[in-house]
Amino acid sequence: MIVFTWKKVQKLLLWLFALSVVVRISMHPTPATSKELPQASNSKPAIVLVHGAYADGTSWQHVIPLLEQDGYRVTAVQIPLTSLADDVATTKRVINNQKGSVVLVGHSYGGNVITGAAAGNPQVKALVYVNAFAPDVGEKTSDLNKRYAPPPISTAIVSDAANFLYIDRGKFHEFFAQDVSKAEARVMAATQKPIASAAFEQSVTEIAWKTIPSWFLVTQSDRAINPELQRFMAKRINAKTTEVNSSHVPFISHPKEVTKVIEAASTAVK
């Protein structure tokens, strides 16, 4: 005769309870949450984003989720801003690490970078200049800025002892991001990444926009790059051009419009 002690009965009940839980889970698996992002499509090009001066890759924080929701694989490059050559080399490494076609996007000074980084690379199918510099061979940022009236931000740039440039925090909101909330602009000012002043006096020897289709977003209320200079560059590179009434940081204040231009370039070159 088998004698059940109370301890044995407790163990048996616990075992039966655990078994019932396993059975219920296997019969009713947890559904995937509706907030999960779609997987990047192999048919879509990878998107590589290059930030400008006084910023880093988090500049694109409002654009990246929108692109990912539409199935794109997105990488934001962290360029060192120590020299144009260093920034181009860093971007080239990121491009080479992508699988398949690439749409390369640059903001502001980042336009110089993508112009050089994509040159001669058949992997890059489109260039997107987000109120960015689009230089010709041997053309410096300082040369381009001399074509039109100097932008208001020129009075807000300060230098440290190592000749790296910043935007005066007290003027950051007014001249760089006037259509962004003051709270967010304060964070941007506190986290701004300085650029070596020498980078604005350097140029690239190969030009990608001469062989790769280009798109350009002109920011009409830009106080860092003269909108007329933007229009000149967009016309010179024969870019498909869109305009938006934005400050110098449209990826913060108008992320949907920026995303739309990037996706237009992607769709056109598939």
# chains A, B, ... in the order shown; residues from 1 in each chain; ligands from 1
>>> residues_around(residues="A:Val103", least_positions_apart="5", cutoff="8 Å", atoms="only C-alpha atoms", output="list in words")
Pro45, Ala46, Ile47, Val48, Val124, Lys125, Ala126, Leu127, Val128, Ile262, Ala265 and Ser266 of chain A
>>> write_last_selection(atoms="all heavy atoms", output="compact mmCIF listing (two decimals), in the first residue's frame")
# COMPACT_ATOMS: atom_id res chain seq x y z
N PRO A 45 16.94 50.00 -50.18
CA PRO A 45 18.33 50.33 -49.88
C PRO A 45 18.52 50.67 -48.41
O PRO A 45 17.57 51.10 -47.73
CB PRO A 45 18.60 51.55 -50.77
CG PRO A 45 17.25 52.15 -51.00
CD PRO A 45 16.28 51.00 -51.02
N ALA A 46 19.72 50.48 -47.93
CA ALA A 46 20.05 50.92 -46.57
C ALA A 46 20.16 52.44 -46.58
O ALA A 46 20.57 53.04 -47.56
CB ALA A 46 21.36 50.29 -46.13
N ILE A 47 19.79 53.06 -45.45
CA ILE A 47 19.89 54.51 -45.31
C ILE A 47 21.04 54.82 -44.36
O ILE A 47 21.07 54.33 -43.23
CB ILE A 47 18.59 55.12 -44.75
CG1 ILE A 47 17.37 54.65 -45.55
CG2 ILE A 47 18.69 56.64 -44.71
CD1 ILE A 47 17.32 55.11 -46.97
N VAL A 48 21.99 55.62 -44.82
CA VAL A 48 23.11 56.05 -44.00
C VAL A 48 23.03 57.56 -43.81
O VAL A 48 22.99 58.31 -44.79
CB VAL A 48 24.46 55.66 -44.63
CG1 VAL A 48 25.62 56.22 -43.80
CG2 VAL A 48 24.57 54.13 -44.73
N VAL A 124 26.46 53.27 -53.60
CA VAL A 124 25.62 54.42 -53.27
C VAL A 124 24.78 54.80 -54.48
O VAL A 124 25.31 55.18 -55.52
CB VAL A 124 26.47 55.62 -52.81
CG1 VAL A 124 25.56 56.81 -52.46
CG2 VAL A 124 27.33 55.25 -51.60
N LYS A 125 23.47 54.71 -54.35
CA LYS A 125 22.55 54.93 -55.47
C LYS A 125 21.93 56.32 -55.48
O LYS A 125 21.41 56.76 -56.51
CB LYS A 125 21.44 53.88 -55.44
CG LYS A 125 21.93 52.43 -55.46
CD LYS A 125 22.76 52.14 -56.71
CE LYS A 125 23.18 50.67 -56.74
NZ LYS A 125 24.03 50.38 -57.93
N ALA A 126 21.94 57.00 -54.34
CA ALA A 126 21.34 58.34 -54.27
C ALA A 126 21.99 59.13 -53.15
O ALA A 126 22.42 58.58 -52.13
CB ALA A 126 19.83 58.25 -54.05
N LEU A 127 22.04 60.45 -53.35
CA LEU A 127 22.53 61.38 -52.34
C LEU A 127 21.39 62.30 -51.94
O LEU A 127 20.65 62.80 -52.79
CB LEU A 127 23.68 62.23 -52.89
CG LEU A 127 24.91 61.48 -53.41
CD1 LEU A 127 25.84 62.46 -54.13
CD2 LEU A 127 25.65 60.80 -52.27
N VAL A 128 21.25 62.53 -50.63
CA VAL A 128 20.23 63.46 -50.14
C VAL A 128 20.92 64.53 -49.32
O VAL A 128 21.54 64.24 -48.29
CB VAL A 128 19.16 62.74 -49.29
CG1 VAL A 128 18.12 63.75 -48.80
CG2 VAL A 128 18.49 61.63 -50.08
N ILE A 262 13.90 61.66 -48.11
CA ILE A 262 14.79 60.49 -48.11
C ILE A 262 14.11 59.30 -48.78
O ILE A 262 14.72 58.59 -49.60
CB ILE A 262 15.22 60.14 -46.68
CG1 ILE A 262 16.07 61.27 -46.07
CG2 ILE A 262 16.00 58.83 -46.65
CD1 ILE A 262 16.35 61.10 -44.59
N ALA A 265 13.92 59.61 -52.57
CA ALA A 265 15.19 59.22 -53.21
C ALA A 265 15.32 57.71 -53.25
O ALA A 265 15.73 57.13 -54.27
CB ALA A 265 16.35 59.84 -52.44
N SER A 266 14.94 57.05 -52.16
CA SER A 266 15.04 55.60 -52.09
C SER A 266 14.16 54.92 -53.13
O SER A 266 14.57 53.99 -53.83
CB SER A 266 14.65 55.11 -50.70
OG SER A 266 14.48 53.72 -50.66
>>> residues_around(residues="A:Ser159", least_positions_apart="4", cutoff="10 Å", atoms="only C-alpha atoms", output="MDAnalysis selection string")
chainID A and resid 163:168 194:197
>>> write_last_selection(atoms="N, CA and C atoms", output="compact mmCIF listing (two decimals), in the first residue's frame")
# COMPACT_ATOMS: atom_id res chain seq x y z
N ASN A 163 41.35 75.44 -31.20
CA ASN A 163 40.74 75.85 -32.46
C ASN A 163 39.61 74.92 -32.92
N PHE A 164 38.88 74.39 -31.97
CA PHE A 164 37.63 73.69 -32.27
C PHE A 164 36.49 74.68 -32.03
N LEU A 165 35.51 74.65 -32.91
CA LEU A 165 34.45 75.65 -32.91
C LEU A 165 33.17 75.15 -32.25
N TYR A 166 32.52 76.05 -31.52
CA TYR A 166 31.23 75.80 -30.87
C TYR A 166 30.27 76.91 -31.25
N ILE A 167 29.00 76.70 -30.92
CA ILE A 167 28.02 77.78 -30.98
C ILE A 167 27.81 78.28 -29.56
N ASP A 168 27.91 79.58 -29.38
CA ASP A 168 27.65 80.19 -28.09
C ASP A 168 26.29 79.70 -27.57
N PRO A 194 31.96 69.83 -31.01
CA PRO A 194 32.74 70.85 -31.70
C PRO A 194 33.40 70.30 -32.96
N ILE A 195 33.70 71.21 -33.87
CA ILE A 195 34.36 70.84 -35.12
C ILE A 195 35.68 71.59 -35.24
N ALA A 196 36.70 70.91 -35.75
CA ALA A 196 37.98 71.57 -35.98
C ALA A 196 37.80 72.68 -37.01
N SER A 197 38.25 73.86 -36.69
CA SER A 197 38.07 74.98 -37.61
C SER A 197 38.70 74.71 -38.96
>>> residues_around(residues="A:Gly138", least_positions_apart="6", cutoff="7 Å", atoms="only C-alpha atoms", output="ChimeraX atom specification")
/A:203-205
>>> select_by_dssp(residues="stretch 116-173 of chain A", states="strand (DSSP E or B)", output="list in words")
Val124, Lys125, Ala126, Leu127, Val128, Tyr129, Val130, Ile157, Val158, Ser159, Phe164, Leu165, Tyr166 and Ile167 of chain A
>>> closest_residue(among="A:Ala224, A:Val102, A:Ala117, A:Ala185", to="A:Thr155", atoms="only C-alpha atoms")
A:Ala224
>>> residues_around(residues="A:Gln78", least_positions_apart="5", cutoff="12 Å", atoms="only C-alpha atoms", output="PyMOL selection string")
chain A and resi 48-53+55-60+86-94+106+110+113+193
>>> residues_around(residues="A:Asn131", least_positions_apart="5", cutoff="8 Å", atoms="only C-alpha atoms", output="PyMOL selection string")
chain A and resi 107-108+216-219+225+230+248
>>> write_last_selection(atoms="all heavy atoms", output="PDB file, in the first residue's frame")
ATOM      1  N   HIS A 107      23.651  66.268 -43.638  1.00  0.00           N
ATOM      2  CA  HIS A 107      23.101  67.548 -43.177  1.00  0.00           C
ATOM      3  C   HIS A 107      24.225  68.556 -43.018  1.00  0.00           C
ATOM      4  O   HIS A 107      25.289  68.237 -42.469  1.00  0.00           O
ATOM      5  CB  HIS A 107      22.387  67.382 -41.836  1.00  0.00           C
ATOM      6  CG  HIS A 107      22.010  68.697 -41.199  1.00  0.00           C
ATOM      7  ND1 HIS A 107      22.596  69.158 -40.038  1.00  0.00           N
ATOM      8  CD2 HIS A 107      21.122  69.647 -41.573  1.00  0.00           C
ATOM      9  CE1 HIS A 107      22.078  70.333 -39.721  1.00  0.00           C
ATOM     10  NE2 HIS A 107      21.179  70.649 -40.636  1.00  0.00           N
ATOM     11  N   SER A 108      24.006  69.772 -43.515  1.00  0.00           N
ATOM     12  CA  SER A 108      24.929  70.886 -43.300  1.00  0.00           C
ATOM     13  C   SER A 108      26.346  70.520 -43.745  1.00  0.00           C
ATOM     14  O   SER A 108      26.559  70.138 -44.894  1.00  0.00           O
ATOM     15  CB  SER A 108      24.868  71.298 -41.826  1.00  0.00           C
ATOM     16  OG  SER A 108      25.541  72.510 -41.603  1.00  0.00           O
ATOM     17  N   PHE A 216      17.618  67.455 -52.698  1.00  0.00           N
ATOM     18  CA  PHE A 216      18.039  68.564 -51.834  1.00  0.00           C
ATOM     19  C   PHE A 216      16.820  69.124 -51.111  1.00  0.00           C
ATOM     20  O   PHE A 216      15.776  69.383 -51.717  1.00  0.00           O
ATOM     21  CB  PHE A 216      18.679  69.683 -52.671  1.00  0.00           C
ATOM     22  CG  PHE A 216      19.633  70.567 -51.907  1.00  0.00           C
ATOM     23  CD1 PHE A 216      20.994  70.538 -52.155  1.00  0.00           C
ATOM     24  CD2 PHE A 216      19.161  71.440 -50.931  1.00  0.00           C
ATOM     25  CE1 PHE A 216      21.871  71.362 -51.453  1.00  0.00           C
ATOM     26  CE2 PHE A 216      20.025  72.253 -50.220  1.00  0.00           C
ATOM     27  CZ  PHE A 216      21.384  72.222 -50.487  1.00  0.00           C
ATOM     28  N   LEU A 217      16.946  69.292 -49.798  1.00  0.00           N
ATOM     29  CA  LEU A 217      15.914  69.944 -48.992  1.00  0.00           C
ATOM     30  C   LEU A 217      16.420  71.323 -48.591  1.00  0.00           C
ATOM     31  O   LEU A 217      17.404  71.450 -47.858  1.00  0.00           O
ATOM     32  CB  LEU A 217      15.590  69.126 -47.746  1.00  0.00           C
ATOM     33  CG  LEU A 217      14.504  69.719 -46.839  1.00  0.00           C
ATOM     34  CD1 LEU A 217      13.148  69.707 -47.543  1.00  0.00           C
ATOM     35  CD2 LEU A 217      14.411  68.974 -45.519  1.00  0.00           C
ATOM     36  N   VAL A 218      15.769  72.367 -49.092  1.00  0.00           N
ATOM     37  CA  VAL A 218      16.117  73.749 -48.761  1.00  0.00           C
ATOM     38  C   VAL A 218      15.305  74.192 -47.553  1.00  0.00           C
ATOM     39  O   VAL A 218      14.080  74.003 -47.515  1.00  0.00           O
ATOM     40  CB  VAL A 218      15.827  74.692 -49.952  1.00  0.00           C
ATOM     41  CG1 VAL A 218      16.020  76.153 -49.549  1.00  0.00           C
ATOM     42  CG2 VAL A 218      16.722  74.340 -51.132  1.00  0.00           C
ATOM     43  N   THR A 219      15.976  74.790 -46.572  1.00  0.00           N
ATOM     44  CA  THR A 219      15.292  75.294 -45.381  1.00  0.00           C
ATOM     45  C   THR A 219      15.194  76.811 -45.479  1.00  0.00           C
ATOM     46  O   THR A 219      16.196  77.520 -45.431  1.00  0.00           O
ATOM     47  CB  THR A 219      16.042  74.873 -44.111  1.00  0.00           C
ATOM     48  OG1 THR A 219      17.461  74.997 -44.323  1.00  0.00           O
ATOM     49  CG2 THR A 219      15.751  73.435 -43.764  1.00  0.00           C
ATOM     50  N   ILE A 225      22.965  78.416 -42.833  1.00  0.00           N
ATOM     51  CA  ILE A 225      23.372  78.381 -44.241  1.00  0.00           C
ATOM     52  C   ILE A 225      22.343  79.201 -45.020  1.00  0.00           C
ATOM     53  O   ILE A 225      21.153  78.879 -44.998  1.00  0.00           O
ATOM     54  CB  ILE A 225      23.437  76.950 -44.802  1.00  0.00           C
ATOM     55  CG1 ILE A 225      24.443  76.095 -44.025  1.00  0.00           C
ATOM     56  CG2 ILE A 225      23.833  76.976 -46.275  1.00  0.00           C
ATOM     57  CD1 ILE A 225      24.544  74.659 -44.516  1.00  0.00           C
ATOM     58  N   GLN A 230      21.798  77.628 -50.584  1.00  0.00           N
ATOM     59  CA  GLN A 230      21.244  76.285 -50.726  1.00  0.00           C
ATOM     60  C   GLN A 230      20.610  76.102 -52.104  1.00  0.00           C
ATOM     61  O   GLN A 230      20.821  75.081 -52.765  1.00  0.00           O
ATOM     62  CB  GLN A 230      20.202  76.022 -49.639  1.00  0.00           C
ATOM     63  CG  GLN A 230      20.762  75.990 -48.219  1.00  0.00           C
ATOM     64  CD  GLN A 230      19.676  75.726 -47.194  1.00  0.00           C
ATOM     65  OE1 GLN A 230      18.830  74.860 -47.382  1.00  0.00           O
ATOM     66  NE2 GLN A 230      19.679  76.482 -46.112  1.00  0.00           N
ATOM     67  N   HIS A 248      17.660  75.599 -39.151  1.00  0.00           N
ATOM     68  CA  HIS A 248      18.768  74.778 -39.634  1.00  0.00           C
ATOM     69  C   HIS A 248      18.622  73.310 -39.252  1.00  0.00           C
ATOM     70  O   HIS A 248      19.378  72.471 -39.727  1.00  0.00           O
ATOM     71  CB  HIS A 248      20.094  75.335 -39.082  1.00  0.00           C
ATOM     72  CG  HIS A 248      21.317  74.736 -39.696  1.00  0.00           C
ATOM     73  ND1 HIS A 248      21.612  74.862 -41.045  1.00  0.00           N
ATOM     74  CD2 HIS A 248      22.317  73.981 -39.168  1.00  0.00           C
ATOM     75  CE1 HIS A 248      22.746  74.236 -41.314  1.00  0.00           C
ATOM     76  NE2 HIS A 248      23.189  73.686 -40.196  1.00  0.00           N
TER      77      HIS A 248
END
>>> atom_distance(atom1="atom CA of A:Asn226", atom2="atom CA of A:Tyr148")
7.1 Å
>>> residues_around(residues="A:Pro250", least_positions_apart="3", cutoff="9 Å", atoms="only C-alpha atoms", output="MDAnalysis selection string")
chainID A and resid 130:131 177 179 219 244:247 253:255 257:258
>>> write_last_selection(atoms="N, CA and C atoms", output="PDB file, in the first residue's frame")
ATOM      1  N   VAL A 130      20.386  67.491 -46.970  1.00  0.00           N
ATOM      2  CA  VAL A 130      19.416  68.133 -46.087  1.00  0.00           C
ATOM      3  C   VAL A 130      20.013  69.468 -45.661  1.00  0.00           C
ATOM      4  N   ASN A 131      19.573  70.563 -46.310  1.00  0.00           N
ATOM      5  CA  ASN A 131      20.170  71.901 -46.174  1.00  0.00           C
ATOM      6  C   ASN A 131      21.680  71.779 -45.901  1.00  0.00           C
ATOM      7  N   ALA A 177      18.390  76.800 -34.034  1.00  0.00           N
ATOM      8  CA  ALA A 177      17.197  75.964 -33.881  1.00  0.00           C
ATOM      9  C   ALA A 177      16.019  76.772 -33.373  1.00  0.00           C
ATOM     10  N   ASP A 179      13.020  77.181 -34.320  1.00  0.00           N
ATOM     11  CA  ASP A 179      11.680  76.582 -34.337  1.00  0.00           C
ATOM     12  C   ASP A 179      11.597  75.295 -33.521  1.00  0.00           C
ATOM     13  N   THR A 219      15.976  74.790 -46.572  1.00  0.00           N
ATOM     14  CA  THR A 219      15.292  75.294 -45.381  1.00  0.00           C
ATOM     15  C   THR A 219      15.194  76.811 -45.479  1.00  0.00           C
ATOM     16  N   VAL A 244      11.158  73.725 -47.316  1.00  0.00           N
ATOM     17  CA  VAL A 244      10.338  73.684 -46.110  1.00  0.00           C
ATOM     18  C   VAL A 244      10.692  74.907 -45.268  1.00  0.00           C
ATOM     19  N   ASN A 245       9.688  75.478 -44.620  1.00  0.00           N
ATOM     20  CA  ASN A 245       9.916  76.659 -43.777  1.00  0.00           C
ATOM     21  C   ASN A 245      10.454  76.198 -42.423  1.00  0.00           C
ATOM     22  N   SER A 246      11.760  76.037 -42.373  1.00  0.00           N
ATOM     23  CA  SER A 246      12.398  75.442 -41.195  1.00  0.00           C
ATOM     24  C   SER A 246      13.669  76.187 -40.835  1.00  0.00           C
ATOM     25  N   SER A 247      14.084  75.994 -39.600  1.00  0.00           N
ATOM     26  CA  SER A 247      15.394  76.448 -39.137  1.00  0.00           C
ATOM     27  C   SER A 247      16.470  75.533 -39.716  1.00  0.00           C
ATOM     28  N   SER A 253      12.596  69.724 -36.187  1.00  0.00           N
ATOM     29  CA  SER A 253      11.327  70.458 -36.255  1.00  0.00           C
ATOM     30  C   SER A 253      10.378  69.960 -37.341  1.00  0.00           C
ATOM     31  N   HIS A 254      10.913  69.306 -38.382  1.00  0.00           N
ATOM     32  CA  HIS A 254      10.077  68.803 -39.480  1.00  0.00           C
ATOM     33  C   HIS A 254      10.541  67.401 -39.912  1.00  0.00           C
ATOM     34  N   PRO A 255      10.551  66.443 -38.992  1.00  0.00           N
ATOM     35  CA  PRO A 255      11.083  65.115 -39.331  1.00  0.00           C
ATOM     36  C   PRO A 255      10.303  64.388 -40.421  1.00  0.00           C
ATOM     37  N   GLU A 257       8.838  65.717 -43.050  1.00  0.00           N
ATOM     38  CA  GLU A 257       9.235  66.261 -44.352  1.00  0.00           C
ATOM     39  C   GLU A 257      10.612  65.737 -44.764  1.00  0.00           C
ATOM     40  N   VAL A 258      11.525  65.650 -43.799  1.00  0.00           N
ATOM     41  CA  VAL A 258      12.859  65.111 -44.087  1.00  0.00           C
ATOM     42  C   VAL A 258      12.756  63.649 -44.504  1.00  0.00           C
TER      43      VAL A 258
END
>>> closest_residue(among="A:Lys210, A:Lys146, A:Arg236, A:Arg223", to="A:Lys171", atoms="only C-alpha atoms")
A:Arg223
>>> closest_residue(among="A:Ile95, A:Ala208, A:Ala161, A:Val269", to="A:Gly111", atoms="only C-alpha atoms")
A:Ala208
>>> closest_residue(among="A:Ala134, A:Ile153, A:Leu104, A:Ile79", to="A:Glu263", atoms="only C-alpha atoms")
A:Leu104
>>> atom_distance(atom1="atom CA of A:Ala199", atom2="atom CA of A:Phe172")
20.7 Å
>>> closest_residue(among="A:Ala264, A:Ala239, A:Tyr54, A:Gly100", to="A:Pro80", atoms="only C-alpha atoms")
A:Tyr54
>>> atom_distance(atom1="atom CA of A:Pro122", atom2="atom CA of A:Asn238")
19.2 Å
>>> decode(residues="stretch 177-204 of chain A", atoms="N, CA and C atoms", output="PDB file, in the first residue's frame")
ATOM      1  N   ALA A 177      18.390  76.800 -34.034  1.00  0.00           N
ATOM      2  CA  ALA A 177      17.197  75.964 -33.881  1.00  0.00           C
ATOM      3  C   ALA A 177      16.019  76.772 -33.373  1.00  0.00           C
ATOM      4  N   GLN A 178      15.700  77.889 -34.029  1.00  0.00           N
ATOM      5  CA  GLN A 178      14.679  78.799 -33.508  1.00  0.00           C
ATOM      6  C   GLN A 178      13.273  78.227 -33.515  1.00  0.00           C
ATOM      7  N   ASP A 179      13.020  77.181 -34.320  1.00  0.00           N
ATOM      8  CA  ASP A 179      11.680  76.582 -34.337  1.00  0.00           C
ATOM      9  C   ASP A 179      11.597  75.295 -33.521  1.00  0.00           C
ATOM     10  N   VAL A 180      12.577  75.096 -32.656  1.00  0.00           N
ATOM     11  CA  VAL A 180      12.595  73.963 -31.718  1.00  0.00           C
ATOM     12  C   VAL A 180      12.289  74.519 -30.325  1.00  0.00           C
ATOM     13  N   SER A 181      11.666  73.724 -29.486  1.00  0.00           N
ATOM     14  CA  SER A 181      11.362  74.203 -28.135  1.00  0.00           C
ATOM     15  C   SER A 181      12.650  74.605 -27.417  1.00  0.00           C
ATOM     16  N   LYS A 182      12.542  75.570 -26.524  1.00  0.00           N
ATOM     17  CA  LYS A 182      13.723  76.027 -25.796  1.00  0.00           C
ATOM     18  C   LYS A 182      14.336  74.910 -24.961  1.00  0.00           C
ATOM     19  N   ALA A 183      13.476  74.047 -24.438  1.00  0.00           N
ATOM     20  CA  ALA A 183      13.983  72.942 -23.612  1.00  0.00           C
ATOM     21  C   ALA A 183      14.850  72.000 -24.448  1.00  0.00           C
ATOM     22  N   GLU A 184      14.369  71.641 -25.642  1.00  0.00           N
ATOM     23  CA  GLU A 184      15.154  70.744 -26.491  1.00  0.00           C
ATOM     24  C   GLU A 184      16.395  71.441 -27.022  1.00  0.00           C
ATOM     25  N   ALA A 185      16.279  72.723 -27.333  1.00  0.00           N
ATOM     26  CA  ALA A 185      17.435  73.477 -27.824  1.00  0.00           C
ATOM     27  C   ALA A 185      18.524  73.563 -26.759  1.00  0.00           C
ATOM     28  N   ARG A 186      18.130  73.655 -25.498  1.00  0.00           N
ATOM     29  CA  ARG A 186      19.124  73.698 -24.418  1.00  0.00           C
ATOM     30  C   ARG A 186      19.915  72.397 -24.358  1.00  0.00           C
ATOM     31  N   VAL A 187      19.216  71.271 -24.544  1.00  0.00           N
ATOM     32  CA  VAL A 187      19.906  69.979 -24.554  1.00  0.00           C
ATOM     33  C   VAL A 187      20.855  69.898 -25.753  1.00  0.00           C
ATOM     34  N   MET A 188      20.401  70.345 -26.907  1.00  0.00           N
ATOM     35  CA  MET A 188      21.237  70.335 -28.101  1.00  0.00           C
ATOM     36  C   MET A 188      22.476  71.205 -27.904  1.00  0.00           C
ATOM     37  N   ALA A 189      22.293  72.345 -27.266  1.00  0.00           N
ATOM     38  CA  ALA A 189      23.420  73.246 -27.015  1.00  0.00           C
ATOM     39  C   ALA A 189      24.417  72.627 -26.043  1.00  0.00           C
ATOM     40  N   ALA A 190      23.900  71.953 -25.021  1.00  0.00           N
ATOM     41  CA  ALA A 190      24.774  71.345 -24.013  1.00  0.00           C
ATOM     42  C   ALA A 190      25.544  70.155 -24.554  1.00  0.00           C
ATOM     43  N   THR A 191      24.968  69.466 -25.542  1.00  0.00           N
ATOM     44  CA  THR A 191      25.603  68.246 -26.070  1.00  0.00           C
ATOM     45  C   THR A 191      26.263  68.473 -27.427  1.00  0.00           C
ATOM     46  N   GLN A 192      26.333  69.706 -27.889  1.00  0.00           N
ATOM     47  CA  GLN A 192      26.897  69.968 -29.209  1.00  0.00           C
ATOM     48  C   GLN A 192      28.333  69.462 -29.300  1.00  0.00           C
ATOM     49  N   LYS A 193      28.667  68.957 -30.482  1.00  0.00           N
ATOM     50  CA  LYS A 193      29.993  68.393 -30.724  1.00  0.00           C
ATOM     51  C   LYS A 193      30.817  69.402 -31.523  1.00  0.00           C
ATOM     52  N   PRO A 194      31.956  69.829 -31.007  1.00  0.00           N
ATOM     53  CA  PRO A 194      32.740  70.846 -31.700  1.00  0.00           C
ATOM     54  C   PRO A 194      33.401  70.304 -32.961  1.00  0.00           C
ATOM     55  N   ILE A 195      33.703  71.205 -33.874  1.00  0.00           N
ATOM     56  CA  ILE A 195      34.365  70.836 -35.125  1.00  0.00           C
ATOM     57  C   ILE A 195      35.684  71.587 -35.237  1.00  0.00           C
ATOM     58  N   ALA A 196      36.699  70.912 -35.749  1.00  0.00           N
ATOM     59  CA  ALA A 196      37.980  71.565 -35.976  1.00  0.00           C
ATOM     60  C   ALA A 196      37.801  72.676 -37.008  1.00  0.00           C
ATOM     61  N   SER A 197      38.246  73.859 -36.686  1.00  0.00           N
ATOM     62  CA  SER A 197      38.066  74.981 -37.608  1.00  0.00           C
ATOM     63  C   SER A 197      38.704  74.705 -38.962  1.00  0.00           C
ATOM     64  N   ALA A 198      39.767  73.896 -38.982  1.00  0.00           N
ATOM     65  CA  ALA A 198      40.465  73.576 -40.229  1.00  0.00           C
ATOM     66  C   ALA A 198      39.579  72.831 -41.210  1.00  0.00           C
ATOM     67  N   ALA A 199      38.563  72.120 -40.702  1.00  0.00           N
ATOM     68  CA  ALA A 199      37.683  71.330 -41.582  1.00  0.00           C
ATOM     69  C   ALA A 199      36.947  72.214 -42.579  1.00  0.00           C
ATOM     70  N   PHE A 200      36.647  73.452 -42.183  1.00  0.00           N
ATOM     71  CA  PHE A 200      35.949  74.368 -43.084  1.00  0.00           C
ATOM     72  C   PHE A 200      36.860  74.922 -44.180  1.00  0.00           C
ATOM     73  N   GLU A 201      38.162  74.667 -44.044  1.00  0.00           N
ATOM     74  CA  GLU A 201      39.124  75.147 -45.040  1.00  0.00           C
ATOM     75  C   GLU A 201      39.665  73.998 -45.888  1.00  0.00           C
ATOM     76  N   GLN A 202      39.047  72.832 -45.761  1.00  0.00           N
ATOM     77  CA  GLN A 202      39.492  71.652 -46.505  1.00  0.00           C
ATOM     78  C   GLN A 202      38.469  71.299 -47.574  1.00  0.00           C
ATOM     79  N   SER A 203      38.901  70.547 -48.574  1.00  0.00           N
ATOM     80  CA  SER A 203      38.022  70.225 -49.698  1.00  0.00           C
ATOM     81  C   SER A 203      38.240  68.791 -50.148  1.00  0.00           C
ATOM     82  N   VAL A 204      37.311  68.304 -50.946  1.00  0.00           N
ATOM     83  CA  VAL A 204      37.417  66.944 -51.485  1.00  0.00           C
ATOM     84  C   VAL A 204      37.904  67.006 -52.933  1.00  0.00           C
TER      85      VAL A 204
END
